[in-house]
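Q: Next comes target_36.cif, mmCIF, C-alpha atoms:
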```cif
data_work
loop_
_atom_site.label_atom_id
_atom_site.label_comp_id
_atom_site.auth_asym_id
_atom_site.auth_seq_id
_atom_site.Cartn_x
_atom_site.Cartn_y
_atom_site.Cartn_z
CA MET A 1 16.81 26.72 24.62
CA ASN A 2 13.33 28.15 25.12
CA PRO A 3 11.84 26.65 28.34
CA VAL A 4 8.29 27.61 27.33
CA GLY A 5 8.71 25.80 24.01
CA LYS A 6 9.69 22.66 25.91
CA ALA A 7 6.76 23.15 28.28
CA LEU A 8 4.27 23.55 25.44
CA TRP A 9 5.49 20.34 23.82
CA TYR A 10 5.24 18.49 27.13
CA ILE A 11 1.72 19.74 27.81
CA GLU A 12 0.54 18.89 24.31
CA SER A 13 2.05 15.40 24.58
CA HIS A 14 0.82 14.65 28.12
CA PHE A 15 -2.28 16.74 28.92
CA ALA A 16 -4.45 13.63 29.23
CA GLU A 17 -2.34 12.60 32.23
CA GLU A 18 -2.08 14.17 35.67
CA ILE A 19 0.79 16.65 35.29
CA THR A 20 2.01 19.27 37.75
CA LEU A 21 3.73 22.62 37.45
CA ASP A 22 6.83 21.03 38.97
CA GLU A 23 6.93 18.47 36.14
CA ILE A 24 6.41 21.14 33.50
CA ALA A 25 9.20 23.26 35.02
CA ALA A 26 11.54 20.26 35.17
CA VAL A 27 11.04 19.57 31.45
CA GLY A 28 11.79 23.23 30.74
CA GLY A 29 14.95 23.05 32.85
CA VAL A 30 13.96 25.96 35.09
CA SER A 31 12.47 26.53 38.52
CA ARG A 32 8.75 26.38 39.26
CA TYR A 33 8.70 30.16 39.75
CA HIS A 34 10.63 30.79 36.52
CA MET A 35 8.26 28.59 34.50
CA SER A 36 5.19 30.18 36.04
CA ARG A 37 6.34 33.67 35.08
CA ALA A 38 7.82 32.76 31.69
CA PHE A 39 4.76 30.79 30.59
CA SER A 40 2.36 33.57 31.59
CA VAL A 41 4.42 36.22 29.80
CA ALA A 42 4.75 34.12 26.62
CA THR A 43 1.17 32.86 26.35
CA GLY A 44 -1.02 35.16 28.43
CA GLN A 45 -2.23 32.40 30.75
CA SER A 46 -0.85 30.10 33.42
CA ALA A 47 0.56 26.69 32.51
CA LEU A 48 -2.03 24.77 34.52
CA ARG A 49 -4.91 26.83 33.11
CA HIS A 50 -3.61 25.99 29.64
CA VAL A 51 -3.54 22.29 30.60
CA ARG A 52 -7.16 22.46 31.80
CA GLY A 53 -8.20 24.35 28.70
CA ARG A 54 -6.59 21.80 26.39
CA ARG A 55 -8.26 18.90 28.22
CA LEU A 56 -11.68 20.53 28.11
CA SER A 57 -11.27 21.55 24.47
CA GLU A 58 -10.51 17.97 23.43
CA ALA A 59 -13.48 16.84 25.52
CA ALA A 60 -15.65 19.38 23.69
CA ARG A 61 -14.56 17.95 20.35
CA SER A 62 -15.55 14.47 21.47
CA LEU A 63 -18.93 15.67 22.66
CA ALA A 64 -19.64 17.62 19.48
CA LYS A 65 -19.02 14.39 17.56
CA GLY A 66 -21.69 12.70 19.67
CA ALA A 67 -19.70 10.82 22.31
CA PRO A 68 -22.31 8.55 23.96
CA ASP A 69 -20.81 8.36 27.45
CA ILE A 70 -20.19 11.73 29.09
CA LEU A 71 -18.63 10.15 32.17
CA ALA A 72 -16.06 8.41 29.96
CA VAL A 73 -15.23 11.77 28.38
CA ALA A 74 -14.95 13.30 31.85
CA LEU A 75 -12.57 10.59 33.04
CA ALA A 76 -10.43 10.95 29.91
CA ALA A 77 -10.21 14.69 30.63
CA GLY A 78 -8.95 14.00 34.15
CA TYR A 79 -12.16 14.55 36.13
CA ALA A 80 -13.24 11.99 38.72
CA SER A 81 -16.97 12.65 38.46
CA HIS A 82 -19.64 13.85 36.08
CA GLU A 83 -20.40 16.75 38.44
CA ALA A 84 -16.82 18.06 38.60
CA PHE A 85 -16.51 17.81 34.83
CA THR A 86 -19.82 19.61 34.24
CA ARG A 87 -18.81 22.43 36.59
CA ALA A 88 -15.41 22.94 34.92
CA PHE A 89 -16.94 22.60 31.44
CA GLY A 90 -19.52 25.26 32.21
CA GLU A 91 -16.88 27.64 33.57
CA GLN A 92 -14.79 27.16 30.42
CA PHE A 93 -17.49 27.28 27.74
CA GLY A 94 -20.72 28.59 29.29
CA LEU A 95 -22.82 25.50 28.59
CA THR A 96 -23.10 21.95 29.86
CA PRO A 97 -21.60 18.86 28.20
CA GLU A 98 -25.11 17.64 27.44
CA GLN A 99 -26.00 20.90 25.69
CA LEU A 100 -22.90 20.76 23.49
CA ARG A 101 -23.50 17.15 22.56
CA ALA A 102 -27.10 17.95 21.66
CA ARG A 103 -26.17 20.84 19.36
CA GLY A 104 -23.30 18.86 17.77
CA ARG A 105 -21.08 21.73 16.66
CA LEU A 106 -18.21 23.82 18.03
CA ASP A 107 -18.91 27.22 16.45
CA ASN A 108 -18.82 30.17 18.89
CA LEU A 109 -16.95 28.02 21.41
CA LYS A 110 -13.67 29.51 22.65
CA LEU A 111 -11.45 26.46 22.40
CA VAL A 112 -7.91 26.38 23.77
CA GLU A 113 -5.73 25.31 20.86
CA PRO A 114 -2.08 24.18 20.77
CA PHE A 115 0.52 26.89 20.32
CA ILE A 116 2.76 26.88 17.24
CA MET A 117 6.43 26.30 18.11
CA ASP A 118 9.46 28.18 16.78
CA GLN A 119 9.61 28.21 12.97
CA SER A 120 12.76 30.31 12.40
CA LEU A 121 15.70 28.91 10.37
CA LEU A 122 18.82 27.30 11.79
CA THR A 123 22.16 28.77 10.76
CA ASN A 124 24.12 25.63 11.67
CA LEU A 125 22.07 22.74 10.30
CA GLU A 126 24.12 19.55 10.52
CA ALA A 127 24.95 18.00 7.12
CA PRO A 128 22.89 14.89 6.33
CA ARG A 129 24.00 11.39 5.54
CA PHE A 130 22.44 9.48 2.66
CA GLU A 131 20.67 6.13 2.93
CA ALA A 132 19.12 3.70 0.45
CA LEU A 133 15.98 2.67 2.35
CA LYS A 134 14.43 -0.73 1.82
CA PRO A 135 10.61 -0.86 1.61
CA LEU A 136 8.81 -0.46 4.93
CA LEU A 137 5.29 -1.23 6.12
CA ILE A 138 4.15 1.28 8.77
CA ALA A 139 0.94 0.98 10.79
CA GLY A 140 -0.52 3.19 13.51
CA LEU A 141 -2.85 6.11 14.10
CA GLY A 142 -3.41 8.51 11.22
CA GLU A 143 -4.87 12.01 11.00
CA ARG A 144 -5.37 14.52 8.18
CA TYR A 145 -3.86 17.96 8.87
CA SER A 146 -3.51 21.40 7.37
CA CYS A 147 -0.45 23.53 8.03
CA GLU A 148 -2.41 25.34 10.75
CA SER A 149 -3.82 22.27 12.47
CA SER A 150 -0.55 20.30 12.47
CA LYS A 151 0.35 21.75 15.86
CA ALA A 152 -1.92 19.03 17.28
CA ILE A 153 0.48 16.25 16.21
CA PRO A 154 1.94 15.83 19.75
CA ALA A 155 -1.56 14.98 21.01
CA GLN A 156 -1.79 12.31 18.32
CA TRP A 157 1.45 10.78 19.62
CA GLN A 158 0.00 10.90 23.12
CA ARG A 159 -2.87 8.69 21.96
CA PHE A 160 -0.63 6.25 20.11
CA ALA A 161 2.28 5.89 22.57
CA PRO A 162 0.57 3.30 24.86
CA GLN A 163 0.17 0.96 21.87
CA ILE A 164 3.87 0.87 20.95
CA GLY A 165 5.11 -2.64 21.67
CA HIS A 166 1.60 -4.11 21.39
CA VAL A 167 0.92 -3.64 17.67
CA PRO A 168 0.29 -7.00 15.92
CA GLY A 169 3.30 -7.92 13.78
CA GLN A 170 5.46 -5.07 15.12
CA VAL A 171 9.08 -5.21 13.97
CA GLY A 172 11.67 -3.71 16.32
CA LYS A 173 11.22 -0.88 18.82
CA VAL A 174 11.58 2.14 16.51
CA ALA A 175 8.63 4.53 16.03
CA TYR A 176 7.90 6.54 12.89
CA GLY A 177 6.03 9.76 12.16
CA VAL A 178 5.16 9.57 8.45
CA PHE A 179 4.07 12.50 6.27
CA CYS A 180 2.22 11.35 3.14
CA ASN A 181 -0.65 12.05 0.72
CA SER A 182 -0.04 15.81 0.61
CA ASP A 183 -2.06 18.07 -1.70
CA ASP A 184 -1.57 21.46 -3.31
CA ASP A 185 -3.31 23.23 -0.42
CA GLY A 186 -0.71 22.00 2.07
CA ASN A 187 -2.90 19.31 3.64
CA PHE A 188 -1.29 15.98 4.48
CA ASP A 189 -1.74 12.70 6.32
CA TYR A 190 0.43 12.05 9.37
CA ILE A 191 0.76 8.54 10.75
CA CYS A 192 2.24 7.79 14.18
CA GLY A 193 3.32 4.21 13.73
CA VAL A 194 5.74 1.35 13.92
CA GLU A 195 7.13 -1.04 11.34
CA VAL A 196 5.05 -4.21 10.92
CA SER A 197 5.68 -7.45 9.06
CA ASP A 198 2.27 -7.30 7.37
CA PHE A 199 -1.10 -5.56 7.60
CA SER A 200 -3.31 -8.61 8.09
CA ASP A 201 -3.96 -8.58 11.86
CA LEU A 202 -4.11 -4.87 12.58
CA PRO A 203 -7.04 -3.18 14.37
CA ALA A 204 -9.60 -1.77 11.95
CA GLU A 205 -8.98 1.81 13.10
CA PHE A 206 -5.27 1.68 12.26
CA SER A 207 -3.88 3.54 9.27
CA ARG A 208 -1.39 1.83 7.00
CA VAL A 209 1.28 3.16 4.65
CA ARG A 210 3.76 1.41 2.38
CA ILE A 211 7.03 3.32 2.12
CA PRO A 212 8.76 2.21 -1.10
CA GLY A 213 12.47 1.60 -1.48
CA GLN A 214 13.94 5.08 -1.92
CA ARG A 215 17.08 7.15 -1.43
CA TYR A 216 16.88 9.50 1.57
CA ALA A 217 18.81 12.40 3.03
CA VAL A 218 18.88 11.77 6.79
CA PHE A 219 19.16 14.69 9.20
CA ALA A 220 19.87 14.39 12.91
CA HIS A 221 17.69 16.46 15.24
CA ARG A 222 19.63 16.37 18.51
CA ASP A 223 17.81 19.13 20.38
CA HIS A 224 14.58 18.93 22.32
CA ILE A 225 11.57 17.72 20.32
CA SER A 226 9.81 21.08 20.79
CA THR A 227 12.24 22.64 18.27
CA ILE A 228 11.64 20.12 15.50
CA ARG A 229 9.65 22.63 13.42
CA ARG A 230 12.75 24.79 13.24
CA THR A 231 14.84 21.90 11.93
CA MET A 232 12.13 20.91 9.45
CA ASN A 233 11.81 24.47 8.23
CA SER A 234 15.58 24.73 7.79
CA ILE A 235 15.73 21.52 5.76
CA TRP A 236 12.92 22.43 3.37
CA ASN A 237 13.54 26.17 3.08
CA LYS A 238 17.32 26.38 3.31
CA TRP A 239 19.24 23.13 2.83
CA LEU A 240 17.18 21.62 0.01
CA PRO A 241 16.90 24.78 -2.16
CA GLU A 242 20.64 25.44 -1.74
CA SER A 243 21.67 21.84 -2.42
CA ARG A 244 22.01 20.03 -5.74
CA TYR A 245 19.23 17.64 -4.73
CA GLU A 246 15.53 17.54 -5.55
CA ALA A 247 12.85 16.10 -3.29
CA ALA A 248 11.19 12.93 -4.54
CA ASP A 249 7.43 12.37 -4.49
CA ALA A 250 7.51 9.85 -1.64
CA PRO A 251 6.72 9.84 2.08
CA SER A 252 9.07 11.69 4.41
CA PHE A 253 9.26 10.64 8.04
CA GLU A 254 10.64 11.11 11.52
CA ARG A 255 12.45 8.12 13.02
CA TYR A 256 12.38 7.81 16.82
CA GLY A 257 14.99 5.32 18.04
CA GLU A 258 15.20 3.62 21.42
CA GLY A 259 17.24 6.55 22.76
CA PHE A 260 14.32 8.96 22.42
CA ASP A 261 12.57 9.66 25.73
CA SER A 262 8.88 10.37 25.13
CA ARG A 263 8.47 11.64 28.70
CA SER A 264 11.14 14.36 28.53
CA GLY A 265 11.28 14.97 24.77
CA ASN A 266 15.04 14.48 24.82
CA GLY A 267 17.21 11.87 23.12
CA GLY A 268 17.04 13.08 19.54
CA LEU A 269 15.52 11.66 16.38
CA GLU A 270 16.16 11.53 12.65
CA ILE A 271 14.32 13.28 9.83
CA TRP A 272 14.30 11.34 6.55
CA ILE A 273 13.70 13.35 3.35
CA PRO A 274 13.22 11.46 0.06
CA ILE A 275 15.45 12.66 -2.76
CA LYS A 276 15.58 11.80 -6.43
CA ASN A 277 18.39 9.52 -7.58
#
```
What would the structure in this file look like if it were written as structure tokens?

A:
Amino acid sequence: MNPVGKALWYIESHFAEEITLDEIAAVGGVSRYHMSRAFSVATGQSALRHVRGRRLSEAARSLAKGAPDILAVALAAGYASHEAFTRAFGEQFGLTPEQLRARGRLDNLKLVEPFIMDQSLLTNLEAPRFEALKPLLIAGLGERYSCESSKAIPAQWQRFAPQIGHVPGQVGKVAYGVFCNSDDDGNFDYICGVEVSDFSDLPAEFSRVRIPGQRYAVFAHRDHISTIRRTMNSIWNKWLPESRYEAADAPSFERYGEGFDSRSGNGGLEIWIPIKN
């Protein structure tokens, strides 16, 4: 399996934390030297420079939106002081955090964006099982994405993960990644969430989605999470067109059981695709 793909997933899911090249290499299953060379060849920059660039790019987005406390942004980006953050920010973008906040826009800024993972098709997709799902209430953090911007979904999980287990009315320990409200241009809402008993006591910033009772084809994704795009692509562009089934107009979702390890990206998950009866 591609060690750089694993590394990219790990960085995108953990860049707000202090992570080292040794940790990135361990997730990729290779030596520190191997990861250093492989990452540079595949992406054109070092792994740690990519980490810094992602942190500063997310900080830039916050500032362009008018974040009131620059020190808070600096701390969230992993910098211990306003001065250290300003120095790194200037080296990355050629202006100070204050200047970016004042102008309030990101145009002409060379942001470091997430890389798109492997999107080729599987030749050995495991056959699904079929489930009659009972209605579910899911609550968590929601974002609107295009096909191009969806590579930022791991960062959304990074923001939501600390809240799992502390969501008012949470039912069980399973997490869900729900795709819903898609349009003809390929835009969709994605909610990182958990099942809840009701919506009444949730924080105001939480998104909510009701998943109706529906028949689903359930696919196991047993490989590392970084390859999930490949499995998704194979389901929608190979299995479904070649099957006798038709997708239903209902939310699809990823189901992360207790065996999934959010630190390593291993442990597997399930992909639930709604199908017409």

Q: Let me know the residues the PyMOL selection byres ((chain A and resi 81-92) around 12) catches in the file above, as an MDAnalysis selection string.

A: chainID A and resid 49:50 52:60 63 69:80 93:100 109:112

Q: For Arg37 in chain A, which residue out of A:Arg61, A:Val4, A:Glu126, A:Glu18 is the nearest one, using only C-alpha atoms?

A: A:Val4

Q: Could you give me, as a list in words, the residues within 9 Å of Asp198 in chain A, counting only C-alpha atoms and dropping anything in the same chain fewer than 3 positions from it?

A: Leu137, Ile138, Pro168, Gly169, Gln170, Glu195, Asp201 and Leu202 of chain A

Q: Using the chain letters and residue numbers of this document, give as a list in words the residues selected by the PyMOL selection byres ((chain A and resi 160) around 8).

A: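 After applying the PyMOL selection byres ((chain A and resi 160) around 8), what remains is Gly140, Leu141, Gln156, Trp157, Gln158, Arg159, Ala161, Pro162, Gln163, Ile164, Cys192 and Gly193 of chain A.
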
Q: Save out the residues we just selected, C-alpha atoms, as a CSV table (one decimal), in the coordinates of the input.

A:
```
chain,number,residue,atom,x,y,z
A,140,GLY,CA,-0.5,3.2,13.5
A,141,LEU,CA,-2.8,6.1,14.1
A,156,GLN,CA,-1.8,12.3,18.3
A,157,TRP,CA,1.4,10.8,19.6
A,158,GLN,CA,0.0,10.9,23.1
A,159,ARG,CA,-2.9,8.7,22.0
A,161,ALA,CA,2.3,5.9,22.6
A,162,PRO,CA,0.6,3.3,24.9
A,163,GLN,CA,0.2,1.0,21.9
A,164,ILE,CA,3.9,0.9,21.0
A,192,CYS,CA,2.2,7.8,14.2
A,193,GLY,CA,3.3,4.2,13.7
```

Q: Go through A:Val171, A:Ile271, A:Leu136, A:Ile24 and flag the residue nearest Pro212 in chain A, using all atoms listed in the file for the distances.

A: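 Closest residue, counting all atoms listed in the file: A:Leu136.
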
Q: Any idea what's packed within 10 Å of Tyr245 in chain A, counting all atoms listed in the file, ignoring anything in its chain fewer than 5 positions away? Could you give it as a list of chain:residue names?

A: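 Selected residues are A:Ala217, A:Trp239, A:Leu240, A:Pro274, A:Ile275, A:Lys276, A:Asn277.
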
Q: Once the PyMOL selection byres ((chain A and resi 30) around 12) has been applied to the shown file, what residues remain in the selection, as a JSON list (two decimals) with C-alpha atoms, in the frame of the given file?

A:
```
[["chain", "number", "residue", "atom", "x", "y", "z"],
["A", 1, "MET", "CA", 16.81, 26.72, 24.62],
["A", 2, "ASN", "CA", 13.33, 28.15, 25.12],
["A", 3, "PRO", "CA", 11.84, 26.65, 28.34],
["A", 4, "VAL", "CA", 8.29, 27.61, 27.33],
["A", 6, "LYS", "CA", 9.69, 22.66, 25.91],
["A", 7, "ALA", "CA", 6.76, 23.15, 28.28],
["A", 21, "LEU", "CA", 3.73, 22.62, 37.45],
["A", 22, "ASP", "CA", 6.83, 21.03, 38.97],
["A", 23, "GLU", "CA", 6.93, 18.47, 36.14],
["A", 24, "ILE", "CA", 6.41, 21.14, 33.50],
["A", 25, "ALA", "CA", 9.20, 23.26, 35.02],
["A", 26, "ALA", "CA", 11.54, 20.26, 35.17],
["A", 27, "VAL", "CA", 11.04, 19.57, 31.45],
["A", 28, "GLY", "CA", 11.79, 23.23, 30.74],
["A", 29, "GLY", "CA", 14.95, 23.05, 32.85],
["A", 31, "SER", "CA", 12.47, 26.53, 38.52],
["A", 32, "ARG", "CA", 8.75, 26.38, 39.26],
["A", 33, "TYR", "CA", 8.70, 30.16, 39.75],
["A", 34, "HIS", "CA", 10.63, 30.79, 36.52],
["A", 35, "MET", "CA", 8.26, 28.59, 34.50],
["A", 36, "SER", "CA", 5.19, 30.18, 36.04],
["A", 37, "ARG", "CA", 6.34, 33.67, 35.08],
["A", 38, "ALA", "CA", 7.82, 32.76, 31.69],
["A", 39, "PHE", "CA", 4.76, 30.79, 30.59]]
```

Q: What separation in Å, quoted to one decimal, exists between CA of Asp223 in chain A and CA of Ala127 in chain A?

A: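 CA of Ala127 in chain A lies at a distance of 15.1 Å from CA of Asp223 in chain A.
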
Q: So how many Å separate CA of Arg101 in chain A and CA of Ala67 in chain A, to one decimal?

A: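 Separation between CA of Arg101 in chain A and CA of Ala67 in chain A: 7.4 Å.
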
Q: For CA of Ile116 in chain A and CA of Ile228 in chain A, quote the distance in Å rounded to one decimal.

A: 11.3 Å

Q: Nearest residue to Glu254 in chain A out of A:Trp9, A:Tyr176, A:Phe130, A:Phe115, using all atoms listed in the file?

A: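 Using all atoms listed in the file, Glu254 in chain A sits closest to A:Tyr176.
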
Q: Quick one: of A:Asp249, A:Lys173, A:Lys238, A:Glu270, who's nearest to Asn124 in chain A, counting all atoms listed in the file?

A: A:Lys238

Q: Since the input is missing atoms for range 129-140 of chain A, could you rebuild it with all heavy atoms and give the result as a CSV table (one decimal), in the coordinates of the input?

A:
```
chain,number,residue,atom,x,y,z
A,129,ARG,N,23.4,12.6,6.2
A,129,ARG,CA,24.0,11.4,5.5
A,129,ARG,C,23.0,10.9,4.5
A,129,ARG,O,21.8,11.3,4.6
A,129,ARG,CB,24.3,10.3,6.6
A,129,ARG,CG,23.1,9.6,7.2
A,129,ARG,CD,23.6,8.5,8.1
A,129,ARG,NE,22.5,7.6,8.5
A,129,ARG,CZ,21.6,7.8,9.5
A,129,ARG,NH1,21.8,8.9,10.2
A,129,ARG,NH2,20.7,7.0,9.7
A,130,PHE,N,23.4,10.0,3.7
A,130,PHE,CA,22.4,9.5,2.7
A,130,PHE,C,22.3,8.0,2.8
A,130,PHE,O,23.2,7.2,3.0
A,130,PHE,CB,23.0,9.8,1.3
A,130,PHE,CG,23.0,11.3,1.1
A,130,PHE,CD1,24.1,12.1,1.4
A,130,PHE,CD2,21.9,12.0,0.5
A,130,PHE,CE1,24.1,13.5,1.2
A,130,PHE,CE2,21.9,13.4,0.4
A,130,PHE,CZ,23.0,14.1,0.7
A,131,GLU,N,21.0,7.5,2.7
A,131,GLU,CA,20.7,6.1,2.9
A,131,GLU,C,19.8,5.6,1.8
A,131,GLU,O,18.9,6.4,1.3
A,131,GLU,CB,19.9,5.9,4.2
A,131,GLU,CG,20.7,6.3,5.5
A,131,GLU,CD,21.5,5.1,6.0
A,131,GLU,OE1,21.4,4.0,5.4
A,131,GLU,OE2,22.2,5.3,7.0
A,132,ALA,N,20.0,4.4,1.4
A,132,ALA,CA,19.1,3.7,0.4
A,132,ALA,C,18.2,2.9,1.3
A,132,ALA,O,18.5,1.8,1.8
A,132,ALA,CB,19.9,2.8,-0.5
A,133,LEU,N,17.0,3.3,1.5
A,133,LEU,CA,16.0,2.7,2.4
A,133,LEU,C,15.3,1.5,1.6
A,133,LEU,O,14.9,1.6,0.5
A,133,LEU,CB,14.9,3.7,2.8
A,133,LEU,CG,13.8,3.1,3.7
A,133,LEU,CD1,14.4,3.0,5.1
A,133,LEU,CD2,12.6,4.1,3.7
A,134,LYS,N,15.2,0.4,2.3
A,134,LYS,CA,14.4,-0.7,1.8
A,134,LYS,C,13.0,-0.5,2.1
A,134,LYS,O,12.6,0.3,3.0
A,134,LYS,CB,14.9,-2.0,2.5
A,134,LYS,CG,16.3,-2.4,2.2
A,134,LYS,CD,16.7,-3.7,2.9
A,134,LYS,CE,18.1,-4.1,2.5
A,134,LYS,NZ,18.5,-5.4,3.2
A,135,PRO,N,12.0,-1.1,1.4
A,135,PRO,CA,10.6,-0.9,1.6
A,135,PRO,C,10.2,-1.1,3.0
A,135,PRO,O,10.7,-2.1,3.7
A,135,PRO,CB,9.9,-1.8,0.6
A,135,PRO,CG,10.9,-2.0,-0.5
A,135,PRO,CD,12.3,-2.0,0.2
A,136,LEU,N,9.3,-0.3,3.6
A,136,LEU,CA,8.8,-0.5,4.9
A,136,LEU,C,7.3,-0.5,4.9
A,136,LEU,O,6.6,0.2,4.1
A,136,LEU,CB,9.3,0.7,5.8
A,136,LEU,CG,10.7,0.8,6.2
A,136,LEU,CD1,10.9,2.2,7.0
A,136,LEU,CD2,11.1,-0.3,7.1
A,137,LEU,N,6.7,-1.3,5.8
A,137,LEU,CA,5.3,-1.2,6.1
A,137,LEU,C,5.1,-0.6,7.5
A,137,LEU,O,5.6,-1.1,8.5
A,137,LEU,CB,4.7,-2.6,6.1
A,137,LEU,CG,4.8,-3.5,4.9
A,137,LEU,CD1,4.2,-4.9,5.1
A,137,LEU,CD2,4.2,-2.8,3.7
A,138,ILE,N,4.4,0.5,7.5
A,138,ILE,CA,4.2,1.3,8.8
A,138,ILE,C,2.7,1.3,9.1
A,138,ILE,O,1.8,1.5,8.2
A,138,ILE,CB,4.7,2.7,8.7
A,138,ILE,CG1,6.1,2.8,8.2
A,138,ILE,CG2,4.4,3.5,10.0
A,138,ILE,CD1,7.1,2.2,9.3
A,139,ALA,N,2.3,1.0,10.4
A,139,ALA,CA,0.9,1.0,10.8
A,139,ALA,C,0.8,1.7,12.1
A,139,ALA,O,1.7,1.7,13.0
A,139,ALA,CB,0.4,-0.4,10.9
A,140,GLY,N,-0.3,2.5,12.3
A,140,GLY,CA,-0.5,3.2,13.5
A,140,GLY,C,-1.7,4.1,13.4
A,140,GLY,O,-2.7,3.8,12.7
```
